[in-house]
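Engineer: After the structure tokens below, expect a handful of questions from me.
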Amino acid sequence: MKKNEVEIYYFPLLLIFLIMSSCSVEQNSNSKDSIIYLTQDVPVGLNNDGAAASIPESQIGIVNLQDALIDYAIDTDNVGEVRSLNFEQFEGRLAKEWYFDKQNLTWTFKLRENVISCAGNELTADDVIYTFARAKSVTGAAPIGWFLSSVASIKSFDNEVLSNPMVRELGDEVRKIDRYTVEIKQSAPNKLFLPALSTFGIRIFDSVEARKNSSEEDPWSHNYINNVSLPGFGPYCLESWSKGNEFIITANKNYYRGEPSIKRVIFKRIPQSSNRFIIMRMHQADIAYGLTPREFNKLSEFDGIKVVGITGNQNLFLHMNYQTPPFDNINIRRAVAATIPYKWIIRNGYFNQASIWRSLVPSRYPGAESKFDLKWNGIEKAKEILSSEGYSSPEDLLVYKDSFKLSYVSEKEDILAPIATAIRTEMRKAGFPVELDPIPLTQYGDRQLVKRDLPFAINSEEKPIVVDAGYAVQLFFASADAGGVNNMVNYSNRNVDDLWAKARVSEDEQERFKLITKIYKYLEDDIAWLPIAEYKTRWGAKENINGFVWYPDNGIRFFDLSMDSK
């Protein structure tokens with residue numbers, strides 16, 4: 001029953017049957033320690049160095065099956081519906097203690113003993129060595145492990161690794177001291193060292209199990225990890241994985257922090273958010289992610305269901321590829337910026353559950369101040385700019401019609417299609433030949449992270465998972481030869497690269513702040529990205545599920561959750 005009034009929904013009988021059947025599993029959500037989690041997709045791959053590494057569903061699989069050496073502590077002062085992290089304090093995970101020799105730029109990590117993987121193997125220093133050796137091999141489709149090690153200034157994880165196969169073997173920069181002790185050397189001081197270790201990209205592999213599933217052609221088990229399982233020391237073990245359908249994890253009974261309260265999590269792929277809404281409204285699932293703002297608002301009105309959320313780092317921006325004409329022309333970029341209906345998007349796309357994002361840094365993050373100037377706003381201004389560039393009529397831009405195919409993730413059609421349509425409408429008024437181009441999430445991720453050939457796109461998938469404005473520079477805006485591993489728009493500005501080279505090793509916080517502020521001024525002037533909106537990370541859940549914590553990758557750690565008795 002609805003809390004305040006009865007509302008009748010009319011569905012085709014077949015649709016109801018199909019939706020209910022999609023949640024029919026051996027152990028359903030009525031079990032006291034098992035939950036059904038609805039998403040737009042299940043993990044596409046589990047390889048942190050794979051093409052699917054940028055896809056949120058893949059990241060949530062990784063962080064529940066593997067564990068990090070260290071992580072941020074939960075903020076005890078935050079007692080809201082969703083707790084946050086204390087980004088000034090780290091806790092040991094697989095490492096029980098660590099210390100830094102500043103004079104020799106050396107970190108020493110003492111590992112916990114008797115930490116057992118899902119395969120029954122004990123954590124040792126060899127697993128840490130394997131993890132960093134795998135990262136330095138850069139044999140995956142996307143070198144995320146190398147990138148994060150480079151961001152942390154780990155010695156010899158520099159850009160030469162990408163171009164020179166002779167330097168890809170791990171040396172003494174990550175060294176085993178004894179069975180439970182590892183030493184890691186840096187090439188320079190860097191405040192991003194510990195934050196980088198907390199991310200999904202440097203989680204520790206069960207090396208024994210990984211090697212068992214390697215081959216001569218694939219010595220680092222990329223194929224096995226992308227398609228079969230992920231060997232790790234996390235709170236959950238993989239029970240089954242049907243790509244494009246279902247992903248089931250079960251509690252690791254030997255987990256060193258204690259067996260999770262939630263014993264079994266069933267990820268169900270329900271591509272349409274409207275169907276996820278229906279299933280939740282009918283109490284046939286426990287948690288749903290990725291509903292539209294309108295659906296979240298509606299869902300909160302039903303008995304036994306709550307909607308929880310926090311403004312973390314989720315955002316919407318427009319992606320214009322510098323290697324695709326005419327987006328290599330700054331005036332074309334300015335003309336595009338002038339057409340964006342920001343207020344309409346906030347009001348009608350997000351139902352006022354978002355704000356205009358005038359920055360390239362999430363508002364929750366400490367770091368450089370960044371304020372985008374919207375002085376180019378307006379259709380007439382866009383026409384004026386285009387005319388000055390020799391495009392006085394819509395026909396003049398038809399030579400670039402393929403460049404103006406506006407791509408977005410088709411699985412997010414319910415949220416993104418209205419926004420994309422509004423952008424197309426306004427841009428066409430100015431003379432741009434925009435057509436919509438929804439593509440599957442897997443294709444979008446591959447073209448963005450690996451091929452980097454998307455000309456024009458709406459992006460709501462990206463966020464800097466290290467809470468630092470400088471890290472976002474290294475990840476998204478550094479030139480390819482300066483280590484910009486996810487520079488999806490092929491942006492390149494030597495001033496940005498040079499300033500970041502100084503900022504990343506600066507031990508003076510004020511100097512670092514000034515350098516990063518200068519960097520963001522270049523990014524704003526160049527419109528490296530066009531920020532549009534910043535919105536809440538939200539989940540719909542049954543009222544008896546508690547313990548939600550916001551992490552920078554926006555993925556639930558099911559270990560944090562508990563379920564009250566009904």
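Labeling convention for the structure tokens: chains A, B, ... as they appear, residues from 1 per chain, ligands from 1 in order of appearance.
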If you run DSSP on the backbone, which residues of range 81-328 of chain A are strand (DSSP E or B), as a VMD selection string?

Structural biologist: chain A and resid 83 85 to 92 95 to 101 106 to 111 116 122 154 174 to 178 181 to 186 205 232 236 to 242 246 to 251 264 to 269 287 to 289 302 305 to 310 315 to 320

Engineer: Please provide as a PDB file with all heavy atoms, in the first residue's frame all residues within 7 Å of range 93-110 of chain A, with the sequence filter that same-chain residues fewer than 6 positions apart are discarded (counting only C-alpha atoms).

Structural biologist:
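Result went into around_38.pdb, see below:
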ATOM      1  N   ASP A  67      40.470  -7.032  -1.686  1.00  0.00           N
ATOM      2  CA  ASP A  67      40.667  -6.051  -0.629  1.00  0.00           C
ATOM      3  C   ASP A  67      41.957  -5.287  -0.882  1.00  0.00           C
ATOM      4  O   ASP A  67      42.840  -5.741  -1.610  1.00  0.00           O
ATOM      5  CB  ASP A  67      40.713  -6.725   0.744  1.00  0.00           C
ATOM      6  CG  ASP A  67      40.058  -5.874   1.826  1.00  0.00           C
ATOM      7  OD1 ASP A  67      39.978  -4.644   1.650  1.00  0.00           O
ATOM      8  OD2 ASP A  67      39.620  -6.440   2.836  1.00  0.00           O
ATOM      9  N   ALA A  68      42.050  -4.110  -0.269  1.00  0.00           N
ATOM     10  CA  ALA A  68      43.200  -3.227  -0.442  1.00  0.00           C
ATOM     11  C   ALA A  68      44.154  -3.367   0.747  1.00  0.00           C
ATOM     12  O   ALA A  68      43.794  -3.913   1.802  1.00  0.00           O
ATOM     13  CB  ALA A  68      42.721  -1.786  -0.562  1.00  0.00           C
ATOM     14  N   LEU A  69      45.347  -2.850   0.581  1.00  0.00           N
ATOM     15  CA  LEU A  69      46.282  -2.813   1.706  1.00  0.00           C
ATOM     16  C   LEU A  69      45.758  -1.888   2.798  1.00  0.00           C
ATOM     17  O   LEU A  69      45.821  -2.209   3.995  1.00  0.00           O
ATOM     18  CB  LEU A  69      47.663  -2.331   1.239  1.00  0.00           C
ATOM     19  CG  LEU A  69      48.481  -3.315   0.392  1.00  0.00           C
ATOM     20  CD1 LEU A  69      49.737  -2.634  -0.144  1.00  0.00           C
ATOM     21  CD2 LEU A  69      48.857  -4.554   1.206  1.00  0.00           C
ATOM     22  N   ILE A  70      45.237  -0.735   2.385  1.00  0.00           N
ATOM     23  CA  ILE A  70      44.688   0.244   3.339  1.00  0.00           C
ATOM     24  C   ILE A  70      43.436   0.856   2.726  1.00  0.00           C
ATOM     25  O   ILE A  70      43.192   0.744   1.527  1.00  0.00           O
ATOM     26  CB  ILE A  70      45.714   1.349   3.693  1.00  0.00           C
ATOM     27  CG1 ILE A  70      46.263   2.015   2.415  1.00  0.00           C
ATOM     28  CG2 ILE A  70      46.884   0.781   4.493  1.00  0.00           C
ATOM     29  CD1 ILE A  70      45.548   3.245   1.998  1.00  0.00           C
ATOM     30  N   ASP A  71      42.645   1.513   3.560  1.00  0.00           N
ATOM     31  CA  ASP A  71      41.464   2.228   3.062  1.00  0.00           C
ATOM     32  C   ASP A  71      41.170   3.381   3.997  1.00  0.00           C
ATOM     33  O   ASP A  71      41.720   3.467   5.113  1.00  0.00           O
ATOM     34  CB  ASP A  71      40.254   1.293   2.978  1.00  0.00           C
ATOM     35  CG  ASP A  71      39.229   1.740   1.925  1.00  0.00           C
ATOM     36  OD1 ASP A  71      39.315   2.885   1.461  1.00  0.00           O
ATOM     37  OD2 ASP A  71      38.353   0.934   1.577  1.00  0.00           O
ATOM     38  N   TYR A 180      55.590 -11.727   5.627  1.00  0.00           N
ATOM     39  CA  TYR A 180      54.477 -10.808   5.864  1.00  0.00           C
ATOM     40  C   TYR A 180      54.898  -9.334   5.822  1.00  0.00           C
ATOM     41  O   TYR A 180      54.180  -8.484   6.353  1.00  0.00           O
ATOM     42  CB  TYR A 180      53.831 -11.112   7.218  1.00  0.00           C
ATOM     43  CG  TYR A 180      53.312 -12.516   7.344  1.00  0.00           C
ATOM     44  CD1 TYR A 180      53.957 -13.436   8.177  1.00  0.00           C
ATOM     45  CD2 TYR A 180      52.204 -12.944   6.626  1.00  0.00           C
ATOM     46  CE1 TYR A 180      53.479 -14.744   8.297  1.00  0.00           C
ATOM     47  CE2 TYR A 180      51.727 -14.242   6.729  1.00  0.00           C
ATOM     48  CZ  TYR A 180      52.372 -15.141   7.568  1.00  0.00           C
ATOM     49  OH  TYR A 180      51.912 -16.434   7.678  1.00  0.00           O
ATOM     50  N   THR A 181      56.023  -9.032   5.189  1.00  0.00           N
ATOM     51  CA  THR A 181      56.503  -7.651   5.139  1.00  0.00           C
ATOM     52  C   THR A 181      56.921  -7.290   3.718  1.00  0.00           C
ATOM     53  O   THR A 181      57.630  -8.054   3.057  1.00  0.00           O
ATOM     54  CB  THR A 181      57.699  -7.436   6.083  1.00  0.00           C
ATOM     55  OG1 THR A 181      57.385  -7.938   7.387  1.00  0.00           O
ATOM     56  CG2 THR A 181      58.050  -5.953   6.184  1.00  0.00           C
ATOM     57  N   VAL A 182      56.467  -6.119   3.271  1.00  0.00           N
ATOM     58  CA  VAL A 182      56.769  -5.623   1.930  1.00  0.00           C
ATOM     59  C   VAL A 182      57.272  -4.195   2.029  1.00  0.00           C
ATOM     60  O   VAL A 182      56.789  -3.404   2.844  1.00  0.00           O
ATOM     61  CB  VAL A 182      55.517  -5.666   1.025  1.00  0.00           C
ATOM     62  CG1 VAL A 182      55.821  -5.072  -0.341  1.00  0.00           C
ATOM     63  CG2 VAL A 182      55.016  -7.083   0.859  1.00  0.00           C
ATOM     64  N   GLU A 183      58.233  -3.861   1.176  1.00  0.00           N
ATOM     65  CA  GLU A 183      58.783  -2.510   1.125  1.00  0.00           C
ATOM     66  C   GLU A 183      58.509  -1.928  -0.262  1.00  0.00           C
ATOM     67  O   GLU A 183      58.726  -2.595  -1.274  1.00  0.00           O
ATOM     68  CB  GLU A 183      60.287  -2.593   1.369  1.00  0.00           C
ATOM     69  CG  GLU A 183      60.998  -1.270   1.506  1.00  0.00           C
ATOM     70  CD  GLU A 183      62.475  -1.477   1.787  1.00  0.00           C
ATOM     71  OE1 GLU A 183      63.253  -1.616   0.814  1.00  0.00           O
ATOM     72  OE2 GLU A 183      62.841  -1.524   2.981  1.00  0.00           O
ATOM     73  N   ILE A 184      58.019  -0.684  -0.303  1.00  0.00           N
ATOM     74  CA  ILE A 184      57.734  -0.003  -1.571  1.00  0.00           C
ATOM     75  C   ILE A 184      58.487   1.320  -1.597  1.00  0.00           C
ATOM     76  O   ILE A 184      58.350   2.139  -0.681  1.00  0.00           O
ATOM     77  CB  ILE A 184      56.219   0.246  -1.746  1.00  0.00           C
ATOM     78  CG1 ILE A 184      55.443  -1.075  -1.681  1.00  0.00           C
ATOM     79  CG2 ILE A 184      55.944   0.962  -3.069  1.00  0.00           C
ATOM     80  CD1 ILE A 184      53.935  -0.906  -1.774  1.00  0.00           C
ATOM     81  N   LYS A 185      59.256   1.537  -2.669  1.00  0.00           N
ATOM     82  CA  LYS A 185      60.045   2.754  -2.796  1.00  0.00           C
ATOM     83  C   LYS A 185      59.356   3.747  -3.731  1.00  0.00           C
ATOM     84  O   LYS A 185      58.761   3.353  -4.732  1.00  0.00           O
ATOM     85  CB  LYS A 185      61.434   2.425  -3.348  1.00  0.00           C
ATOM     86  CG  LYS A 185      62.278   1.556  -2.443  1.00  0.00           C
ATOM     87  CD  LYS A 185      63.636   1.280  -3.081  1.00  0.00           C
ATOM     88  CE  LYS A 185      64.487   0.384  -2.179  1.00  0.00           C
ATOM     89  NZ  LYS A 185      65.809   0.088  -2.805  1.00  0.00           N
ATOM     90  N   GLN A 186      59.498   5.017  -3.404  1.00  0.00           N
ATOM     91  CA  GLN A 186      59.001   6.083  -4.266  1.00  0.00           C
ATOM     92  C   GLN A 186      60.162   6.789  -4.967  1.00  0.00           C
ATOM     93  O   GLN A 186      61.285   6.807  -4.467  1.00  0.00           O
ATOM     94  CB  GLN A 186      58.215   7.112  -3.459  1.00  0.00           C
ATOM     95  CG  GLN A 186      56.845   6.649  -2.974  1.00  0.00           C
ATOM     96  CD  GLN A 186      56.127   7.750  -2.233  1.00  0.00           C
ATOM     97  OE1 GLN A 186      56.496   8.113  -1.126  1.00  0.00           O
ATOM     98  NE2 GLN A 186      55.092   8.304  -2.863  1.00  0.00           N
ATOM     99  N   ALA A 188      59.745  10.021  -5.710  1.00  0.00           N
ATOM    100  CA  ALA A 188      59.601  11.392  -5.226  1.00  0.00           C
ATOM    101  C   ALA A 188      58.504  11.404  -4.171  1.00  0.00           C
ATOM    102  O   ALA A 188      57.628  10.531  -4.170  1.00  0.00           O
ATOM    103  CB  ALA A 188      59.246  12.338  -6.376  1.00  0.00           C
ATOM    104  N   PRO A 189      58.505  12.378  -3.281  1.00  0.00           N
ATOM    105  CA  PRO A 189      57.399  12.470  -2.317  1.00  0.00           C
ATOM    106  C   PRO A 189      56.098  12.751  -3.047  1.00  0.00           C
ATOM    107  O   PRO A 189      56.084  13.449  -4.056  1.00  0.00           O
ATOM    108  CB  PRO A 189      57.806  13.641  -1.419  1.00  0.00           C
ATOM    109  CG  PRO A 189      58.758  14.452  -2.242  1.00  0.00           C
ATOM    110  CD  PRO A 189      59.483  13.466  -3.109  1.00  0.00           C
TER     111      PRO A 189
END

Engineer: Rank A:Asn321, A:Ser240, A:Asn159, A:Thr311 by their smallest atom-to-atom distance to Val82 in chain A, using only C-alpha atoms, and report the top residue only.

Structural biologist: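 Result for the nearest residue to Val82 in chain A: A:Thr311.
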
Engineer: Would you mind listing what lies within 8 Å of Ser410 in chain A as a list of chain:residue names, with only C-alpha atoms counted and same-chain residues fewer than 3 positions away left out?

Structural biologist: A:Glu413, A:Pro438, A:Ile439, A:Pro440, A:Leu441

Engineer: Could you give me, as a Markdown table, every range 76-147 of chain A residue with an atom at most 12 Å from range 448-463 of chain A, plus its closest atom pair and distance in Å to one decimal, counting only C-alpha atoms, rows ordered by chain then number?

Structural biologist:
| residue | atom | partner | partner_atom | distance |
| --- | --- | --- | --- | --- |
| A:Gly140 | CA | A:Val450 | CA | 10.3 |
| A:Ala141 | CA | A:Val450 | CA | 6.7 |
| A:Ala142 | CA | A:Val450 | CA | 6.3 |
| A:Pro143 | CA | A:Val450 | CA | 9.6 |
| A:Ile144 | CA | A:Leu449 | CA | 10.2 |

Engineer: For the selection just defined, write its residues with C-alpha atoms to a file, as a PDB file, in the first residue's frame.

Structural biologist:
ATOM      1  CA  GLY A 140      45.958  -5.474 -20.000  1.00  0.00           C
ATOM      2  CA  ALA A 141      43.760  -3.460 -22.333  1.00  0.00           C
ATOM      3  CA  ALA A 142      43.861  -0.500 -19.933  1.00  0.00           C
ATOM      4  CA  PRO A 143      46.934  -0.093 -17.665  1.00  0.00           C
ATOM      5  CA  ILE A 144      45.048   1.039 -14.557  1.00  0.00           C
TER       6      ILE A 144
END

Engineer: Please measure the separation of CA of Lys263 in chain A and CA of Ala251 in chain A, giving the value in Å to one decimal.

Structural biologist: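 These atoms are spaced 4.8 Å apart.
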
Engineer: Using only C-alpha atoms, which residue out of A:Phe432, A:Tyr535, A:Tyr37, A:Trp146 lies closest to Ser355 in chain A?

Structural biologist: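 Result for the nearest residue to Ser355 in chain A: A:Tyr535.
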
Engineer: Which residues are close to Ile415 in chain A, i.e. within 9 Å by only C-alpha atoms, leaving aside same-chain residues fewer than 2 positions away? Reply as a PDB file with N, CA and C atoms, in the first residue's frame.

Structural biologist:
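Done, and the output landed in result_4.pdb:
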ATOM      1  N   SER A 273      15.296   1.237 -16.149  1.00  0.00           N
ATOM      2  CA  SER A 273      15.092   1.703 -14.777  1.00  0.00           C
ATOM      3  C   SER A 273      13.622   1.601 -14.366  1.00  0.00           C
ATOM      4  N   GLY A 290      20.480   3.312  -9.832  1.00  0.00           N
ATOM      5  CA  GLY A 290      20.367   3.855 -11.181  1.00  0.00           C
ATOM      6  C   GLY A 290      18.954   4.139 -11.645  1.00  0.00           C
ATOM      7  N   LEU A 291      18.033   4.403 -10.727  1.00  0.00           N
ATOM      8  CA  LEU A 291      16.700   4.830 -11.138  1.00  0.00           C
ATOM      9  C   LEU A 291      16.758   6.293 -11.580  1.00  0.00           C
ATOM     10  N   THR A 292      15.727   6.733 -12.269  1.00  0.00           N
ATOM     11  CA  THR A 292      15.666   8.145 -12.626  1.00  0.00           C
ATOM     12  C   THR A 292      15.327   8.948 -11.374  1.00  0.00           C
ATOM     13  N   PRO A 293      15.672  10.236 -11.357  1.00  0.00           N
ATOM     14  CA  PRO A 293      15.307  11.060 -10.207  1.00  0.00           C
ATOM     15  C   PRO A 293      13.814  11.006  -9.901  1.00  0.00           C
ATOM     16  N   GLY A 349      15.417  17.143 -16.279  1.00  0.00           N
ATOM     17  CA  GLY A 349      16.203  15.919 -16.378  1.00  0.00           C
ATOM     18  C   GLY A 349      16.427  15.272 -15.030  1.00  0.00           C
ATOM     19  N   TYR A 350      16.634  16.113 -13.998  1.00  0.00           N
ATOM     20  CA  TYR A 350      16.925  15.591 -12.658  1.00  0.00           C
ATOM     21  C   TYR A 350      15.861  15.950 -11.632  1.00  0.00           C
ATOM     22  N   LYS A 412      21.165   3.645 -19.976  1.00  0.00           N
ATOM     23  CA  LYS A 412      20.680   4.781 -19.180  1.00  0.00           C
ATOM     24  C   LYS A 412      19.702   5.636 -19.979  1.00  0.00           C
ATOM     25  N   GLU A 413      19.032   4.995 -20.906  1.00  0.00           N
ATOM     26  CA  GLU A 413      18.094   5.694 -21.787  1.00  0.00           C
ATOM     27  C   GLU A 413      17.065   6.507 -21.001  1.00  0.00           C
ATOM     28  N   ALA A 417      18.267   9.989 -22.226  1.00  0.00           N
ATOM     29  CA  ALA A 417      17.612  10.330 -23.497  1.00  0.00           C
ATOM     30  C   ALA A 417      16.909  11.690 -23.452  1.00  0.00           C
ATOM     31  N   PRO A 418      16.142  12.011 -22.396  1.00  0.00           N
ATOM     32  CA  PRO A 418      15.519  13.342 -22.368  1.00  0.00           C
ATOM     33  C   PRO A 418      16.548  14.472 -22.356  1.00  0.00           C
ATOM     34  N   ILE A 419      17.649  14.263 -21.650  1.00  0.00           N
ATOM     35  CA  ILE A 419      18.698  15.283 -21.593  1.00  0.00           C
ATOM     36  C   ILE A 419      19.364  15.426 -22.957  1.00  0.00           C
TER      37      ILE A 419
END

Engineer: Which residue is closest to Phe87 in chain A? Choose from A:Ile465, A:Met320, A:Ile278, A:Ile532 and count only C-alpha atoms.

Structural biologist: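 Residue with the minimum atom-to-atom distance to Phe87 in chain A: A:Ile465.
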
Engineer: Would you give me, as a tab-separated table, each residue of range 473-501 of chain A having an atom within 10 Å of an atom of range 324-347 of chain A, along with its shortest atom pair and that distance in Å to one decimal, using only C-alpha atoms and sorting by chain and residue number?

Structural biologist:
residue	atom	partner	partner_atom	distance
A:Val489	CA	A:Thr324	CA	9.1
A:Asn490	CA	A:Thr324	CA	9.4
A:Tyr491	CA	A:Asp328	CA	9.3

Engineer: Measure the distance from CA of Val128 in chain A to CA of Arg179 in chain A in Å and round it to one decimal.

Structural biologist: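 Between these atoms lies a distance of 10.7 Å.
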
Engineer: When distances are computed from only C-alpha atoms, which of A:Ala469, A:Leu475, A:Met166, A:Ala210 shows the smallest separation from Ile516 in chain A?

Structural biologist: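 Smallest separation from Ile516 in chain A among the options: A:Ala469.
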
Engineer: CA of Asn121 in chain A and CA of Leu148 in chain A, how far apart in Å?

Structural biologist: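 Computed distance, CA of Leu148 in chain A to CA of Asn121 in chain A, equals 26.1 Å.
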
Engineer: Could you name the residues that touch Val79 in chain A at 12 Å or less, counting only C-alpha atoms, but leaving out those on the same chain fewer than 5 positions away, as a PyMOL selection string?

Structural biologist: chain A and resi 74+84-85+546-549

Engineer: With a distance cut-off of 10 Å and only C-alpha atoms, select the neighbouring residues of range 506-514 of chain A, excluding the residue or stretch itself and same-chain residues fewer than 2 positions from it, and output the selection as a PyMOL selection string.

Structural biologist: chain A and resi 188-191+366-369+469-470+499-504+516-519
